[in-house]
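Everything below concerns the one structure shown next.
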Amino acid sequence: MRAWVVPAPGRIEQVELPVPRPAEDELLVRVRACGVCRTDLHVRDGDLPPHRSPVVPGHEAVGEVVAAGSRAHGPGPGIRIGVPWLRRTCGRCRYCLRHRENLCPFSEYTGWDADGGYAEYVTVPAAYAYELPSGYRDEELAPLLCAGIIGYRALRRADLPSGGRLGIYGFGGSAHLTAQVAIARGAVVHVLTRSAAARALALDLGAASANDAYDRPPEPLDAAILFAPVGELVPVALESLDAGGTLSIAGIYLTDIPSLDYERHLFRERTVRSVTANTREDGREFLAAAAENRISATITPYPFDRADAALDDLAADRVNGVAVLTMPR
């Protein structure tokens with residue numbers, strides 16, 4: 001099969017690999033589409049330390065089941081499923097037993113610990129695959145599997161009150177999906193991002209305002225989510241929070257945070273929360289919400305052979321919405 005691999009930090013190249021064989025509890029999936037996530041960029045560039053080298057990146061894969069291991073229970077051949085970021089957890093540690101499997105110290109991730117979806121075939125443990133809502137094209141579903149799910153967890157972590165005022169810093173793949181969920185639930189959303197195209201998209205999707213990332217929103221915020229991996233925006237977002245507000249930091253990687261002034265940034269019970277991966281329950285809840293209220297993913301498609309260009313464009317902020325690799329049929 002054809003696949004893209006990261007052989008060393010800073011490089012990605014297309015190679016020929018054997019079609020993987022599913023383990024006893026795994027499904028073999030023929031990939032139809034795979035989202036291009038900023039985490040893939042961090043894997044390529046070495047911002048995340050290599051866990052497997054070389055590794056096939058990609059953890060937003062949509063495809064059809066073609067084979068199953070002897071103990072794999074779940075969708076049968078021909079069924080469309082999603083292959084997400086969270087690949088395995090131990091099921092035995094204190095975090096797993098408290099229903100916080102996203103914090104499992106033995107967790108494994110698709111496209112980092114195991115080969116992912118930048119390939120014609122990928123394997124996934126059956127217990128971690130997602131059944132997908134109908135009415136969406138493959139390319140529309142791919143971004144929901146990480147950008148959508150992580151954004152949903154970040155929204156939950158932000159403790160946004162009903163009808164509250166939400167600030168979204170950065171407006172790429174995850175943010176533009178999260179904004180739609182928040183708006184559908186009655187939130188007033190203010191988007192703050194440096195990209196003019198992203199600001200236009202935010203207004204098209206129903207945001208109440210869209211300004212530069214360092215601007216002050218037009219009203220105090222009940223909650224904010226930082227999607228941009230820019231630590232300098234942490235004090236900016238905190239200063240925009242109303243008393244009792246929460247800042248949720250959604251990224252797996254963040255540049256250094258400047259010094260905070262206690263009175264300006266934290267006093268009056270402002271809260272900062274990080275987001276670490278997601279639980280399977282997060283994914284099921286988000287995909288159920290996507291089945292109930294259609295979520296419009298703004299897609300920039302790239303043919304499979306241009307995965308390197310897709311990552312370069314993402315790094316240079318030339319992607320409006322979400323980049324998605326499409327496989328030839």
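Going through the structure tokens in order, the chains are called A, B, and so on, while each chain numbers its residues from 1 and the ligands are numbered from 1 in the order shown.
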
Backbone DSSP call of helix (DSSP H, G or I) for stretch 60-261 of chain A, listed as a VMD selection string:
chain A and resid 94 to 97 101 to 103 126 to 128 138 to 145 147 to 157 173 to 184 196 to 204 233 to 240

Selection: 10 Å around A:Leu254, only C-alpha atoms, excl. self and same-chain fewer than 3 positions, as a tab-separated table (two decimals) with N, CA and C atoms, in the first residue's frame:
chain	number	residue	atom	x	y	z
A	47	ASP	N	7.68	18.64	17.44
A	47	ASP	CA	7.18	19.33	18.63
A	47	ASP	C	6.70	18.31	19.66
A	226	LEU	N	-8.95	28.52	24.07
A	226	LEU	CA	-7.77	28.86	23.30
A	226	LEU	C	-7.41	27.68	22.40
A	227	PHE	N	-7.62	27.85	21.10
A	227	PHE	CA	-7.24	26.82	20.13
A	227	PHE	C	-5.87	27.10	19.52
A	228	ALA	N	-5.51	28.37	19.37
A	228	ALA	CA	-4.21	28.71	18.80
A	228	ALA	C	-3.11	28.26	19.77
A	229	PRO	N	-2.02	27.63	19.27
A	229	PRO	CA	-0.97	27.14	20.17
A	229	PRO	C	0.00	28.23	20.59
A	230	VAL	N	-0.54	29.34	21.04
A	230	VAL	CA	0.23	30.56	21.30
A	230	VAL	C	0.08	30.94	22.77
A	231	GLY	N	1.11	30.68	23.56
A	231	GLY	CA	1.04	30.97	24.98
A	231	GLY	C	0.82	32.42	25.31
A	232	GLU	N	1.26	33.34	24.44
A	232	GLU	CA	1.07	34.77	24.67
A	232	GLU	C	-0.41	35.16	24.77
A	234	VAL	N	-2.70	33.49	26.41
A	234	VAL	CA	-3.31	33.08	27.68
A	234	VAL	C	-3.66	34.30	28.53
A	249	ILE	N	-7.82	25.50	27.55
A	249	ILE	CA	-6.73	25.48	26.58
A	249	ILE	C	-6.77	24.14	25.86
A	250	ALA	N	-7.07	24.19	24.56
A	250	ALA	CA	-7.45	22.97	23.85
A	250	ALA	C	-6.28	22.22	23.23
A	251	GLY	N	-5.14	22.85	23.03
A	251	GLY	CA	-4.09	22.24	22.23
A	251	GLY	C	-3.26	21.21	22.98
A	257	ILE	N	3.95	30.39	28.22
A	257	ILE	CA	3.00	31.39	28.71
A	257	ILE	C	3.78	32.48	29.44

For A:Leu201, which residue out of A:Ile149, A:Val236, A:Met1, A:Ala297 is the nearest one, using only C-alpha atoms?
A:Ala297

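Closest approach to A:Pro328 among A:Arg294, A:Ala23, A:Arg11, A:Arg32: A:Arg32, based on only C-alpha atoms.
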
Just want the 10 Å neighbourhood of A:Arg280, counted on only C-alpha atoms, with same-chain residues fewer than 5 positions away dropped. Output as a compact mmCIF listing (two decimals) with N, CA and C atoms, in the first residue's frame.
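Okay, around.txt is ready:
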# COMPACT_ATOMS: atom_id res chain seq x y z
N PRO A 84 -10.05 7.24 15.34
CA PRO A 84 -9.74 8.49 16.03
C PRO A 84 -8.32 8.52 16.62
N LEU A 86 -7.48 8.71 20.02
CA LEU A 86 -7.31 7.78 21.15
C LEU A 86 -7.41 6.35 20.64
N ARG A 87 -6.32 5.59 20.80
CA ARG A 87 -6.25 4.24 20.23
C ARG A 87 -6.44 3.15 21.28
N HIS A 99 -13.46 6.74 35.04
CA HIS A 99 -14.05 7.22 33.79
C HIS A 99 -13.31 8.45 33.25
N ARG A 100 -12.00 8.50 33.48
CA ARG A 100 -11.16 9.57 32.96
C ARG A 100 -10.02 8.95 32.15
N GLU A 101 -10.40 8.10 31.20
CA GLU A 101 -9.41 7.35 30.44
C GLU A 101 -8.50 8.24 29.62
N ASN A 102 -8.91 9.49 29.37
CA ASN A 102 -8.04 10.40 28.64
C ASN A 102 -6.75 10.70 29.38
N ALA A 127 -12.84 -1.64 19.88
CA ALA A 127 -13.50 -0.96 20.99
C ALA A 127 -13.28 0.55 20.95
N TYR A 128 -12.37 1.02 20.10
CA TYR A 128 -12.06 2.45 20.04
C TYR A 128 -12.49 3.08 18.72
N ALA A 129 -13.08 2.30 17.83
CA ALA A 129 -13.61 2.85 16.58
C ALA A 129 -14.97 3.46 16.83
N TYR A 130 -15.33 4.42 16.00
CA TYR A 130 -16.63 5.09 16.14
C TYR A 130 -17.54 4.74 14.98
N ILE A 149 -14.17 16.29 18.14
CA ILE A 149 -14.26 15.68 19.47
C ILE A 149 -13.44 16.46 20.49
N GLU A 285 -20.80 11.29 22.43
CA GLU A 285 -21.71 12.42 22.65
C GLU A 285 -21.63 13.42 21.49
N PHE A 286 -20.40 13.73 21.07
CA PHE A 286 -20.25 14.71 19.99
C PHE A 286 -20.84 14.19 18.68
